[in-house]
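Source file: query-v7.cif; contents: mmCIF, C-alpha atoms.
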data_protein
loop_
_atom_site.label_atom_id
_atom_site.label_comp_id
_atom_site.auth_asym_id
_atom_site.auth_seq_id
_atom_site.Cartn_x
_atom_site.Cartn_y
_atom_site.Cartn_z
CA MET F 1 30.56 -6.43 -2.88
CA SER F 2 29.12 -9.90 -3.59
CA VAL F 3 25.57 -8.54 -3.73
CA VAL F 4 26.67 -5.85 -6.20
CA LEU F 5 28.35 -8.44 -8.41
CA ALA F 6 25.32 -10.73 -8.20
CA LYS F 7 22.93 -7.92 -9.17
CA THR F 8 25.24 -6.87 -11.99
CA GLY F 9 25.52 -10.42 -13.29
CA ILE F 10 21.76 -11.03 -13.17
CA SER F 11 21.10 -7.66 -14.79
CA LEU F 12 23.51 -8.35 -17.65
CA ALA F 13 21.94 -11.78 -18.21
CA CYS F 14 18.54 -10.12 -18.33
CA ILE F 15 19.81 -7.57 -20.85
CA VAL F 16 21.11 -10.30 -23.16
CA LEU F 17 17.72 -12.04 -23.06
CA LEU F 18 15.95 -8.71 -23.58
CA ILE F 19 18.02 -7.92 -26.67
CA ILE F 20 16.97 -11.26 -28.15
CA LEU F 21 13.31 -10.69 -27.30
CA ILE F 22 13.26 -7.11 -28.59
CA SER F 23 14.91 -8.15 -31.86
CA GLN F 24 11.94 -10.48 -32.39
CA ARG F 25 9.31 -7.93 -31.31
CA LYS F 26 7.05 -8.19 -34.36
CA LYS F 27 7.12 -11.99 -34.45
CA LEU F 28 6.53 -12.30 -30.72
CA SER F 29 3.70 -9.74 -30.74
CA GLY F 30 2.01 -11.56 -33.62
CA TRP F 31 2.39 -14.94 -31.92
CA LEU F 32 1.08 -13.61 -28.61
CA GLU F 33 -1.94 -12.01 -30.29
CA ASN F 34 -3.76 -15.35 -30.22
CA LYS F 35 -2.71 -16.37 -26.72
CA GLY F 36 -4.87 -16.08 -23.63
CA VAL F 37 -3.90 -13.12 -21.47
CA ARG F 38 -4.48 -14.80 -18.13
CA ALA F 39 -2.57 -17.95 -19.08
CA SER F 40 0.28 -15.91 -20.60
CA LEU F 41 0.64 -13.63 -17.57
CA VAL F 42 0.55 -16.58 -15.16
CA THR F 43 3.09 -18.49 -17.25
CA GLY F 44 5.37 -15.45 -17.35
CA TRP F 45 4.99 -14.99 -13.60
CA VAL F 46 5.88 -18.62 -12.91
CA ILE F 47 8.97 -18.47 -15.16
CA PHE F 48 10.28 -15.04 -14.14
CA ARG F 49 9.06 -14.71 -10.57
CA LEU F 50 8.22 -18.04 -8.94
CA ILE F 51 11.07 -20.13 -10.42
CA PRO F 52 13.75 -17.49 -9.56
CA PHE F 53 12.26 -17.31 -6.06
CA ILE F 54 12.46 -21.08 -5.66
CA ALA F 55 15.98 -21.18 -7.11
CA VAL F 56 17.32 -18.45 -4.84
CA TYR F 57 15.46 -18.99 -1.57
CA ILE F 58 14.51 -22.68 -1.59
CA LEU F 59 17.13 -24.57 -3.60
CA ALA F 60 20.10 -22.30 -2.82
CA ASN F 61 18.59 -21.55 0.62
CA ILE F 62 19.83 -17.95 0.54
CA THR F 63 18.56 -15.80 3.40
CA PRO F 64 16.90 -12.53 2.36
CA THR F 65 18.79 -9.38 3.37
CA SER F 66 18.55 -5.60 3.13
CA ASP F 67 15.01 -4.16 3.12
CA VAL F 68 13.47 -7.60 3.64
CA LEU F 69 14.80 -7.63 7.20
CA GLY F 70 12.98 -4.37 7.92
CA PHE F 71 9.78 -5.67 6.35
CA TRP F 72 10.14 -8.88 8.35
CA ASP F 73 10.52 -6.93 11.58
CA GLU F 74 7.32 -5.01 10.87
CA GLY F 75 5.29 -7.89 9.48
CA SER F 76 6.23 -10.39 12.16
CA LYS F 77 5.37 -8.00 14.98
CA ALA F 78 2.13 -6.99 13.29
CA SER F 79 1.23 -10.69 12.90
CA MET F 80 1.55 -11.03 16.67
CA GLY F 81 -0.90 -8.19 17.25
CA GLN F 82 1.57 -5.47 18.17
CA VAL F 83 0.63 -1.86 17.42
CA VAL F 84 2.37 -0.10 14.56
CA TYR F 85 4.31 3.09 15.45
CA ARG F 86 3.96 2.29 19.17
CA ASP F 87 5.40 -1.19 19.54
CA PHE F 88 7.58 -1.08 16.45
CA TRP F 89 8.91 1.60 14.13
CA SER F 90 7.64 1.81 10.56
CA PRO F 91 8.35 4.21 7.68
CA TYR F 92 5.22 2.95 5.91
CA SER F 93 1.51 3.58 6.14
CA PRO F 94 -0.33 1.92 9.05
CA LEU F 95 -1.89 -1.03 7.20
CA TYR F 96 1.29 -2.07 5.39
CA ALA F 97 2.76 -4.13 8.23
CA TYR F 98 -0.57 -5.84 8.95
CA PHE F 99 -0.99 -6.84 5.32
CA LEU F 100 2.44 -8.47 5.44
CA GLY F 101 1.45 -10.04 8.75
CA ILE F 102 -1.48 -11.80 7.07
CA TRP F 103 0.87 -13.45 4.60
CA LEU F 104 3.20 -14.48 7.42
CA LYS F 105 0.34 -16.46 8.92
CA ILE F 106 0.72 -18.75 5.89
CA TRP F 107 4.51 -19.12 6.18
CA TYR F 108 6.33 -17.49 9.06
CA SER F 109 9.61 -16.70 7.32
CA PRO F 110 11.36 -13.64 5.84
CA LYS F 111 11.23 -15.53 2.54
CA MET F 112 7.46 -15.13 2.60
CA ILE F 113 7.99 -11.37 2.38
CA VAL F 114 9.74 -11.85 -0.96
CA LEU F 115 7.01 -14.18 -2.22
CA THR F 116 4.39 -11.64 -1.20
CA MET F 117 6.13 -8.96 -3.25
CA ALA F 118 6.24 -11.31 -6.24
CA VAL F 119 2.53 -12.07 -5.96
CA MET F 120 1.63 -8.40 -5.69
CA ASP F 121 3.80 -7.65 -8.73
CA GLY F 122 1.82 -10.24 -10.66
CA VAL F 123 -1.47 -8.74 -9.52
CA ALA F 124 -0.29 -5.28 -10.58
CA LEU F 125 0.44 -6.62 -14.06
CA TRP F 126 -2.97 -8.29 -14.24
CA VAL F 127 -4.89 -5.12 -13.38
CA SER F 128 -2.65 -3.23 -15.80
CA TRP F 129 -3.99 -5.43 -18.61
CA HIS F 130 -7.54 -4.28 -17.85
CA PHE F 131 -6.27 -0.72 -17.63
CA PHE F 132 -4.35 -0.64 -20.93
CA ARG F 133 -6.45 -3.00 -23.06
CA PRO F 134 -8.72 -0.32 -24.67
CA PHE F 135 -5.82 1.06 -26.68
CA GLN F 136 -3.33 -1.80 -26.86
CA SER F 137 -3.71 -5.05 -28.75
CA ARG F 138 -3.36 -8.30 -26.85
CA GLY F 139 -0.10 -9.14 -28.64
CA SER F 140 1.40 -5.72 -27.95
CA PHE F 141 0.46 -5.85 -24.26
CA LEU F 142 1.76 -9.38 -23.75
CA PHE F 143 5.04 -8.52 -25.49
CA LYS F 144 5.51 -5.57 -23.13
CA ALA F 145 4.52 -7.78 -20.20
CA LEU F 146 7.26 -10.22 -21.20
CA ILE F 147 9.75 -7.37 -21.39
CA TYR F 148 8.59 -6.09 -18.00
CA TYR F 149 9.06 -9.53 -16.43
CA VAL F 150 12.67 -9.67 -17.66
CA LEU F 151 13.78 -6.08 -17.06
CA PRO F 152 16.28 -5.89 -14.17
CA GLY F 153 14.30 -3.01 -12.67
CA SER F 154 11.39 -5.36 -11.99
CA LEU F 155 12.93 -8.84 -11.76
CA VAL F 156 15.89 -8.01 -9.53
CA LEU F 157 14.14 -5.41 -7.41
CA CYS F 158 11.20 -7.77 -6.89
CA ILE F 159 12.95 -11.09 -6.24
CA VAL F 160 16.29 -9.95 -4.82
CA GLY F 161 15.32 -6.57 -3.36
CA ALA F 162 11.70 -7.42 -2.43
CA GLN F 163 10.56 -3.87 -3.16
CA GLU F 164 6.89 -2.94 -2.75
CA ASP F 165 6.76 0.27 -4.81
CA VAL F 166 4.65 -1.24 -7.59
CA TRP F 167 1.79 -1.55 -5.08
CA MET F 168 1.08 2.14 -5.48
CA TRP F 169 0.47 1.73 -9.21
CA LEU F 170 -1.74 -1.28 -8.46
CA PHE F 171 -4.02 0.71 -6.16
CA VAL F 172 -4.42 3.75 -8.41
CA VAL F 173 -5.25 1.55 -11.41
CA LEU F 174 -7.63 -0.59 -9.35
CA ALA F 175 -9.39 2.57 -8.15
CA TYR F 176 -9.91 3.75 -11.73
CA LEU F 177 -11.18 0.35 -12.91
CA VAL F 178 -13.73 0.26 -10.08
CA ARG F 179 -14.87 3.75 -10.97
CA GLU F 180 -15.16 2.78 -14.63
CA ARG F 181 -17.40 -0.19 -13.80
CA THR F 182 -19.49 1.37 -11.05
CA VAL F 183 -19.52 4.98 -12.34
CA ARG F 184 -19.14 6.00 -8.70
CA VAL F 185 -16.48 8.54 -7.82
CA GLU F 186 -16.96 7.64 -4.14
CA TRP F 187 -15.59 4.10 -4.61
CA TYR F 188 -12.72 5.55 -6.63
CA ALA F 189 -11.87 7.81 -3.68
CA VAL F 190 -12.27 5.00 -1.12
CA ILE F 191 -9.78 2.72 -2.91
CA LEU F 192 -7.31 5.58 -3.32
CA ALA F 193 -7.60 6.25 0.42
CA ILE F 194 -7.03 2.56 1.18
CA GLY F 195 -4.02 2.66 -1.15
CA LEU F 196 -2.59 5.51 0.89
CA LEU F 197 -3.12 3.55 4.12
CA MET F 198 -1.57 0.42 2.60
CA THR F 199 1.58 1.77 0.96
CA LYS F 200 3.60 4.87 1.89
CA ALA F 201 3.17 8.59 2.40
CA ILE F 202 4.36 9.54 -1.10
CA PHE F 203 1.18 7.99 -2.53
CA VAL F 204 -0.54 11.20 -1.47
CA LEU F 205 1.39 13.11 -4.13
CA ILE F 206 -0.62 11.64 -7.01
CA LEU F 207 -3.84 12.68 -5.26
CA VAL F 208 -3.00 16.35 -5.85
CA PRO F 209 -3.19 16.34 -9.68
CA LEU F 210 -6.04 13.80 -9.61
CA PHE F 211 -8.04 16.07 -7.31
CA LEU F 212 -7.32 19.22 -9.32
CA ILE F 213 -8.59 17.73 -12.58
CA GLU F 214 -11.51 15.92 -10.93
CA LYS F 215 -14.89 17.40 -11.92
CA GLN F 216 -16.75 15.95 -8.92
CA LYS F 217 -14.38 17.32 -6.32
CA ILE F 218 -16.72 17.23 -3.31
CA ARG F 219 -17.81 13.63 -3.92
CA PHE F 220 -14.15 12.74 -4.40
CA LEU F 221 -13.04 14.49 -1.23
CA ILE F 222 -15.72 13.43 1.28
CA PRO F 223 -14.88 9.67 1.40
CA MET F 224 -11.20 10.47 1.81
CA VAL F 225 -11.88 12.90 4.64
CA ILE F 226 -14.13 10.36 6.39
CA ILE F 227 -11.53 7.59 6.09
CA GLY F 228 -8.83 10.01 7.24
CA ILE F 229 -10.81 11.03 10.33
CA ILE F 230 -11.56 7.39 11.19
CA SER F 231 -7.88 6.46 10.78
CA LEU F 232 -6.73 9.32 13.00
CA GLY F 233 -9.47 8.47 15.50
CA ILE F 234 -8.02 4.99 15.82
CA LEU F 235 -4.31 5.84 15.64
CA TYR F 236 -4.05 8.91 17.84
CA PRO F 237 -5.37 7.30 21.07
CA LEU F 238 -3.03 4.36 20.49
CA VAL F 239 0.19 6.02 19.36
CA GLY F 240 -0.20 9.77 19.75
CA LEU F 241 1.84 11.70 17.19
CA GLU F 242 4.02 8.67 16.45
CA PHE F 243 1.81 8.01 13.41
CA MET F 244 3.97 10.68 11.74
CA GLN F 245 6.97 8.30 11.71
CA PRO F 246 6.74 7.86 7.88
CA MET F 247 7.49 11.58 7.55
CA ASP F 248 10.90 10.94 9.13
CA GLU F 249 11.94 9.26 5.89
CA ALA F 250 12.23 12.70 4.28
CA LYS F 251 15.14 13.43 6.65
CA VAL F 252 17.16 10.45 5.44
CA LEU F 253 19.82 11.50 2.93
CA ARG F 254 20.25 9.10 0.04
CA ALA F 255 21.62 9.15 -3.49
CA PRO F 256 21.44 9.72 -6.34
CA ASN F 257 19.65 13.02 -6.47
CA ILE F 258 20.40 16.40 -7.97
CA LEU F 259 21.63 17.75 -4.63
CA SER F 260 24.04 14.86 -4.12
CA ILE F 261 25.84 15.55 -7.41
CA ILE F 262 25.98 19.34 -7.23
CA ASN F 263 26.86 19.56 -3.53
CA PRO F 264 30.62 18.96 -3.95
CA TRP F 265 30.89 21.70 -6.58
CA PHE F 266 29.53 24.19 -4.01
CA PHE F 267 31.82 22.78 -1.29
CA ASP F 268 28.87 21.61 0.81
CA GLY F 269 27.46 25.10 0.90
CA ILE F 270 23.91 24.50 -0.38
CA GLY F 271 22.44 23.14 2.84
CA VAL F 272 21.96 19.51 1.85
CA GLY F 273 19.67 17.82 4.36
CA GLU F 274 17.65 20.90 5.25
CA LYS F 275 13.85 20.79 5.09
CA PHE F 276 13.87 23.61 2.56
CA TRP F 277 15.10 21.22 -0.13
CA ASN F 278 12.37 18.71 0.71
CA TRP F 279 9.76 21.37 0.00
CA VAL F 280 11.53 22.39 -3.19
CA GLY F 281 11.46 18.76 -4.30
CA LEU F 282 7.78 18.32 -3.48
CA VAL F 283 6.74 21.54 -5.19
CA THR F 284 8.79 20.69 -8.29
CA SER F 285 7.59 17.11 -8.73
CA VAL F 286 3.94 17.80 -7.88
CA GLY F 287 4.01 21.02 -9.90
CA LEU F 288 5.30 19.28 -13.04
CA ALA F 289 2.78 16.47 -12.57
CA THR F 290 -0.07 18.96 -12.18
CA ILE F 291 0.92 20.84 -15.33
CA ALA F 292 1.07 17.52 -17.20
CA ALA F 293 -2.34 16.52 -15.83
CA PHE F 294 -3.96 19.77 -16.98
CA ARG F 295 -2.44 19.42 -20.44
CA LEU F 296 -3.91 15.92 -20.61
CA GLN F 297 -7.21 16.57 -18.87
CA HIS F 298 -9.16 16.08 -22.12
CA ALA F 299 -7.26 12.93 -23.11
CA ASP F 300 -8.20 9.41 -22.06
CA PHE F 301 -7.66 8.99 -18.31
CA ARG F 302 -5.32 6.05 -18.94
CA ILE F 303 -3.05 8.21 -21.06
CA MET F 304 -3.15 11.03 -18.55
CA LEU F 305 -2.36 8.80 -15.58
CA SER F 306 0.45 6.91 -17.35
CA ARG F 307 2.30 10.07 -18.30
CA VAL F 308 1.59 11.98 -15.09
CA TRP F 309 2.67 9.01 -12.96
CA VAL F 310 6.06 8.83 -14.68
CA VAL F 311 6.54 12.60 -14.55
CA LEU F 312 5.67 12.74 -10.84
CA TYR F 313 7.58 9.81 -9.43
CA ALA F 314 10.57 9.85 -11.78
CA THR F 315 11.08 13.52 -10.95
CA MET F 316 10.68 12.76 -7.27
CA MET F 317 13.31 10.02 -7.52
CA VAL F 318 16.05 12.51 -8.42
CA ILE F 319 14.83 15.63 -6.63
CA GLN F 320 13.72 14.37 -3.23
CA GLN F 321 16.67 13.95 -0.84
CA SER F 322 15.36 10.72 0.68
CA ALA F 323 14.61 8.96 -2.61
CA TYR F 324 16.96 6.49 -4.28
CA SER F 325 17.09 4.63 -7.58
CA ASN F 326 15.09 1.62 -6.37
CA TYR F 327 12.12 3.90 -7.04
CA ILE F 328 12.35 2.95 -10.70
CA PHE F 329 10.10 0.04 -9.64
CA LEU F 330 7.46 2.62 -8.77
CA PHE F 331 6.99 3.97 -12.29
CA LEU F 332 8.34 1.14 -14.46
CA VAL F 333 4.93 -0.24 -15.48
CA PRO F 334 3.58 2.93 -17.16
CA LEU F 335 7.05 3.64 -18.55
CA VAL F 336 7.19 0.24 -20.24
CA PHE F 337 3.55 -0.05 -21.30
CA TYR F 338 2.94 3.44 -22.58
CA VAL F 339 5.78 5.96 -22.56
CA ILE F 340 8.51 3.94 -24.30
CA ASP F 341 8.25 3.58 -28.08
CA TRP F 342 9.53 0.03 -28.60
CA SER F 343 10.33 0.71 -32.25
CA ASN F 344 12.73 3.48 -31.20
CA ARG F 345 16.17 1.95 -30.67
CA LYS F 346 17.50 4.96 -28.77
CA GLN F 347 14.70 4.85 -26.21
CA VAL F 348 15.02 1.09 -25.78
CA PHE F 349 18.82 1.22 -25.40
CA LEU F 350 18.65 3.99 -22.81
CA LEU F 351 15.91 2.13 -20.89
CA LEU F 352 18.11 -0.96 -20.63
CA ILE F 353 21.09 1.07 -19.40
CA PHE F 354 18.82 2.92 -16.98
CA ASN F 355 17.60 -0.37 -15.52
CA ILE F 356 21.09 -1.71 -14.88
CA LEU F 357 22.28 1.49 -13.20
CA CYS F 358 19.18 1.84 -11.00
CA VAL F 359 19.39 -1.76 -9.84
CA VAL F 360 23.10 -1.81 -9.07
CA HIS F 361 23.66 1.65 -7.61
CA PRO F 362 21.84 1.39 -4.23
CA SER F 363 23.86 -1.69 -3.24
CA TYR F 364 27.10 -0.21 -4.56
CA TRP F 365 26.53 3.10 -2.78
CA TRP F 366 25.62 1.34 0.46
CA ARG F 367 28.74 -0.83 0.41
CA LEU F 368 30.93 2.21 -0.19
CA GLY F 369 29.63 3.52 3.11
CA MET F 370 26.91 5.80 1.70
CA PRO F 371 29.41 8.50 0.68
CA ARG F 372 28.43 12.15 0.77
CA TYR F 373 30.66 14.27 -1.45
CA LEU F 374 31.57 17.61 0.13
CA SER F 375 34.13 18.82 -2.41
CA PRO F 376 35.43 17.88 -5.88
CA ALA F 377 38.39 16.21 -4.17
CA ASP F 378 36.01 13.74 -2.48
CA ILE F 379 34.81 12.55 -5.88
CA THR F 380 38.32 11.66 -7.04
CA ALA F 381 39.47 10.29 -3.68
CA SER F 382 39.22 6.71 -4.93
CA GLY F 383 38.26 4.68 -7.97
CA GLY F 384 35.11 3.57 -6.16
CA SER F 385 33.94 7.11 -5.51
CA ILE F 386 34.56 8.11 -9.14
CA ILE F 387 32.45 5.17 -10.35
CA ASP F 388 29.73 5.97 -7.81
CA TYR F 389 29.58 9.62 -8.83
CA LEU F 390 29.46 8.80 -12.55
CA ILE F 391 26.62 6.35 -11.95
CA GLN F 392 24.73 8.99 -9.99
CA VAL F 393 25.13 11.56 -12.76
CA SER F 394 24.08 9.01 -15.39
CA ILE F 395 20.93 8.03 -13.49
CA ILE F 396 19.90 11.66 -13.08
CA ILE F 397 20.46 12.46 -16.77
CA LEU F 398 18.55 9.35 -17.89
CA THR F 399 15.72 10.07 -15.46
CA GLY F 400 15.43 13.56 -16.92
CA TYR F 401 15.26 12.03 -20.39
CA PHE F 402 12.36 9.74 -19.48
CA VAL F 403 10.53 12.55 -17.70
CA TRP F 404 10.92 14.58 -20.89
CA LEU F 405 9.48 11.67 -22.91
CA ALA F 406 6.48 11.37 -20.61
CA PHE F 407 5.79 15.08 -20.25
CA PRO F 408 3.15 16.37 -22.72
CA LYS F 409 4.70 19.17 -24.74
CA LYS F 410 1.29 20.76 -25.43
CA GLU F 411 -2.35 20.32 -24.43
CA VAL F 412 -3.81 17.10 -25.76
CA SER F 413 -7.46 16.65 -26.73
CA GLY F 414 -9.35 13.40 -27.19
CA ASN F 415 -7.95 9.89 -27.01
CA VAL F 416 -4.32 9.18 -27.67
CA SER F 417 -2.99 5.84 -28.78
CA ARG F 418 0.44 4.28 -28.61
#

Let me see the structure of the file written as structure tokens.
Amino acid sequence: MSVVLAKTGISLACIVLLIILISQRKKLSGWLENKGVRASLVTGWVIFRLIPFIAVYILANITPTSDVLGFWDEGSKASMGQVVYRDFWSPYSPLYAYFLGIWLKIWYSPKMIVLTMAVMDGVALWVSWHFFRPFQSRGSFLFKALIYYVLPGSLVLCIVGAQEDVWMWLFVVLAYLVRERTVRVEWYAVILAIGLLMTKAIFVLILVPLFLIEKQKIRFLIPMVIIGIISLGILYPLVGLEFMQPMDEAKVLRAPNILSIINPWFFDGIGVGEKFWNWVGLVTSVGLATIAAFRLQHADFRIMLSRVWVVLYATMMVIQQSAYSNYIFLFLVPLVFYVIDWSNRKQVFLLLIFNILCVVHPSYWWRLGMPRYLSPADITASGGSIIDYLIQVSIIILTGYFVWLAFPKKEVSGNVSR
């Protein structure tokens, strides 16, 4: 349980610092209003990403564990020219391992995987500035950036967990910014397609609402179809149907999700693990996101995407059987920079609690042996299982709360500010 205690300790330290920062929100925002964005973001990245990396992996010489070992297996083999899905297994899109392999050419070590994640997190924050700047002052953005750097859901999951989920947000924002500057829907579609090939299969989910509200549907669709055909033309002769390996992730049962907490009360009679529930999860999350997108179709794209992104992927985190609470890293940027009202103490308090629970639970659940509760008696079988179950319920309730915050209650017209 040393990893659990370490994550808990780091998270609590982050929360103490966050409480101090949030209590000085107005002063900090005013002070940051006159600071350069690039210099401020780089300084924040050095303090809250690079220095922790150096402290943990260079000075303390701690060896990365958990997901990093899987990423290292993929990236190292890709760097040697092996073929994804054929020579090594991967739950990610085909270009993911090769991108990691490029970084490993600089430093051939699992620690480079963590540094890569930290760099990409910084890039995601930088493009987010260009995305949010039309309706957020410099001081407000930089204050939220500081909060984002310190939140356990980003700091711990980036530096300790080496999670890549924020890459998906990076690509969708980058695609929009390119479209905004070039006024070409084709380039928008190309970057989204590259994002799908670079990250993971669930990236395709956001394409559904984006396509449905897109006015130039044919011009949006053609580049994606072309890139898809080219990708299949390359992959199929090399690996056959093994390119569908990422789909196997949907079969992996994880927690917390709605099924995992209601299953014991039905005495394992709801068919947990069956494909039916995967489809229910997909239809629910994409359906809610699509409704949100249509209600926001006349609002600024940035507002629409921020809310829809949180609705889609937060819902997916607690409905899809294979998702787990590390996915908070997937939607934390729009949650922090747009959805949360930082003058609302209730929202801020619940966000801090949510971060701690989401960071600690995966490691705690794993070290309990990934329990699956089949009856109410299983929940009370030990103190550990009671704590695990309560954490799962809490995460699901809090996720529902933030989805409710992000979901537009009625159709919105024109630009919306925060």

Check which residues of region 37-155 of chain F sit at most 12 Å from region 287-310 of chain F using only C-alpha atoms, and return one row each with the closest pair of atoms and their distance in Å to one decimal, ordered by chain and rising number, as CSV.
residue,atom,partner,partner_atom,distance
F:Ser128,CA,F:Arg302,CA,10.2
F:Trp129,CA,F:Arg302,CA,11.6
F:His130,CA,F:Arg302,CA,10.6
F:Phe131,CA,F:Arg302,CA,7.0
F:Phe132,CA,F:Arg302,CA,7.0
F:Arg133,CA,F:Arg302,CA,10.0
F:Pro134,CA,F:Arg302,CA,9.2
F:Phe135,CA,F:Arg302,CA,9.2
F:Gln136,CA,F:Arg302,CA,11.3

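Within a radius of 10 Å around (-16.9, 20.8, -4.9), the polymer residues are Glu214, Lys215, Gln216, Lys217, Ile218, Arg219, Phe220, Leu221 and Ile222 of chain F, counting only C-alpha atoms.
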
Requested in this report: Work out how far apart CA of Gly70 (chain F) and CA of Val84 (chain F) are and give it in Å to one decimal.
Outcome: 13.2 Å

Would you write out, as a tab-separated table, a table of all residues in region 304-381 of chain F that have an atom no more than 10 Å from an atom of region 273-277 of chain F, listing for each the closest atom pair and the distance in Å to one decimal, considering all atoms listed in the file and ordering rows by chain and rising residue number?
residue	atom	partner	partner_atom	distance
F:Ile319	CA	F:Trp277	CA	8.6
F:Gln320	CA	F:Trp277	CA	7.6
F:Gln321	CA	F:Gly273	CA	7.1
F:Ser322	CA	F:Gly273	CA	9.1

Write out as JSON lines the residues of region 7-76 of chain F that have any atom within 7 Å of an atom of region 151-166 of chain F, one row each with the nearest atom pair and its distance in Å to one decimal, counting all atoms listed in the file, sorted by chain and then rising number.
{"residue": "F:Ser11", "atom": "CA", "partner": "F:Pro152", "partner_atom": "CA", "distance": 5.2}
{"residue": "F:Cys14", "atom": "CA", "partner": "F:Pro152", "partner_atom": "CA", "distance": 6.3}
{"residue": "F:Arg49", "atom": "CA", "partner": "F:Ile159", "partner_atom": "CA", "distance": 6.9}
{"residue": "F:Phe53", "atom": "CA", "partner": "F:Ile159", "partner_atom": "CA", "distance": 6.3}
{"residue": "F:Asp67", "atom": "CA", "partner": "F:Gly161", "partner_atom": "CA", "distance": 6.9}
{"residue": "F:Val68", "atom": "CA", "partner": "F:Ala162", "partner_atom": "CA", "distance": 6.3}

**Report entry** Best match for closeness to Met316 (chain F) among F:Phe203, F:Tyr373, F:Trp45, F:Phe266, counting all atoms listed in the file
**Finding:**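 Looking at the shortest contact to Met316 (chain F), the residue is F:Phe203.
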
Report task. For CA of Ala201 (chain F) and CA of Phe88 (chain F), determine how far apart the two atoms are, in Å to one decimal place. Result ->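 Distance reported for this atom pair: 17.6 Å.
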
Report task. May I ask for the distance between CA of Ile379 (chain F) and CA of Val403 (chain F), given in Å to one decimal place? Result -> 27.0 Å

Query - Selected residue, from F:Leu18, F:Ile328, F:Pro334, F:Tyr364, that lies nearest to Leu398 (chain F) when counting all atoms listed in the file - result: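 Closest to Leu398 (chain F) of all the choices is F:Ile328.
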
Set the distance at 12 Å and use only C-alpha atoms: which residues neighbour Ile387 (chain F) once local chain neighbours fewer than 2 positions away are removed? I'd like the list as a PDB file with C-alpha atoms, in the frame of the given file.
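So the final result, stored in out_31.pdb, reads:
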ATOM      1  CA  LEU F 357      22.280   1.490 -13.200  1.00  0.00           C
ATOM      2  CA  VAL F 360      23.100  -1.810  -9.070  1.00  0.00           C
ATOM      3  CA  HIS F 361      23.660   1.650  -7.610  1.00  0.00           C
ATOM      4  CA  TYR F 364      27.100  -0.210  -4.560  1.00  0.00           C
ATOM      5  CA  TRP F 365      26.530   3.100  -2.780  1.00  0.00           C
ATOM      6  CA  LEU F 368      30.930   2.210  -0.190  1.00  0.00           C
ATOM      7  CA  PRO F 371      29.410   8.500   0.680  1.00  0.00           C
ATOM      8  CA  ILE F 379      34.810  12.550  -5.880  1.00  0.00           C
ATOM      9  CA  THR F 380      38.320  11.660  -7.040  1.00  0.00           C
ATOM     10  CA  ALA F 381      39.470  10.290  -3.680  1.00  0.00           C
ATOM     11  CA  SER F 382      39.220   6.710  -4.930  1.00  0.00           C
ATOM     12  CA  GLY F 383      38.260   4.680  -7.970  1.00  0.00           C
ATOM     13  CA  GLY F 384      35.110   3.570  -6.160  1.00  0.00           C
ATOM     14  CA  SER F 385      33.940   7.110  -5.510  1.00  0.00           C
ATOM     15  CA  TYR F 389      29.580   9.620  -8.830  1.00  0.00           C
ATOM     16  CA  LEU F 390      29.460   8.800 -12.550  1.00  0.00           C
ATOM     17  CA  ILE F 391      26.620   6.350 -11.950  1.00  0.00           C
ATOM     18  CA  GLN F 392      24.730   8.990  -9.990  1.00  0.00           C
ATOM     19  CA  VAL F 393      25.130  11.560 -12.760  1.00  0.00           C
ATOM     20  CA  SER F 394      24.080   9.010 -15.390  1.00  0.00           C
TER      21      SER F 394
END

Set the distance at 12 Å and use only C-alpha atoms: which residues neighbour region 228-236 of chain F once local chain neighbours fewer than 3 positions away are removed? I'd like the list as a compact mmCIF listing (two decimals) with C-alpha atoms, in the frame of the given file.
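What ended up in around-v4.txt:
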# COMPACT_ATOMS: atom_id res chain seq x y z
CA VAL F 83 0.63 -1.86 17.42
CA VAL F 84 2.37 -0.10 14.56
CA TYR F 85 4.31 3.09 15.45
CA ARG F 86 3.96 2.29 19.17
CA SER F 93 1.51 3.58 6.14
CA PRO F 94 -0.33 1.92 9.05
CA LEU F 95 -1.89 -1.03 7.20
CA ALA F 189 -11.87 7.81 -3.68
CA VAL F 190 -12.27 5.00 -1.12
CA LEU F 192 -7.31 5.58 -3.32
CA ALA F 193 -7.60 6.25 0.42
CA ILE F 194 -7.03 2.56 1.18
CA LEU F 196 -2.59 5.51 0.89
CA LEU F 197 -3.12 3.55 4.12
CA MET F 198 -1.57 0.42 2.60
CA LEU F 221 -13.04 14.49 -1.23
CA ILE F 222 -15.72 13.43 1.28
CA PRO F 223 -14.88 9.67 1.40
CA MET F 224 -11.20 10.47 1.81
CA VAL F 225 -11.88 12.90 4.64
CA VAL F 239 0.19 6.02 19.36
CA GLY F 240 -0.20 9.77 19.75
CA LEU F 241 1.84 11.70 17.19
CA GLU F 242 4.02 8.67 16.45
CA PHE F 243 1.81 8.01 13.41
CA MET F 244 3.97 10.68 11.74

Query raised in the report: Expanded to explicit residues, what is the PyMOL selection byres ((chain F and resi 72) around 12) for this file, as number ranges by chain?
Result: F: 63-71, 73-79, 88, 90, 96-101, 103-104, 107-114, 116, 162

**Report entry** Best match for closeness to Val204 (chain F) among F:Met168, F:Ile258, F:Val311, F:Ala39, counting only C-alpha atoms
**Finding:** F:Met168

Write out as JSON an axis-aligned box for region 286-297 of chain F: all of its atoms listed in the file, 4 Å added on each side, centre and edge lengths in Å with one decimal.
{"center_x": -1.0, "center_y": 18.5, "center_z": -14.2, "size_x": 20.5, "size_y": 13.1, "size_z": 20.7}

Query - 10 Å contact set for Leu41 (chain F), all atoms listed in the file, chain neighbours under 5 positions out, as a list in words - result: Gly36, Val46, Ile47, Gly122, Val123, Leu125, Trp126, Trp129, Leu142, Ala145, Leu146 and Tyr149 of chain F
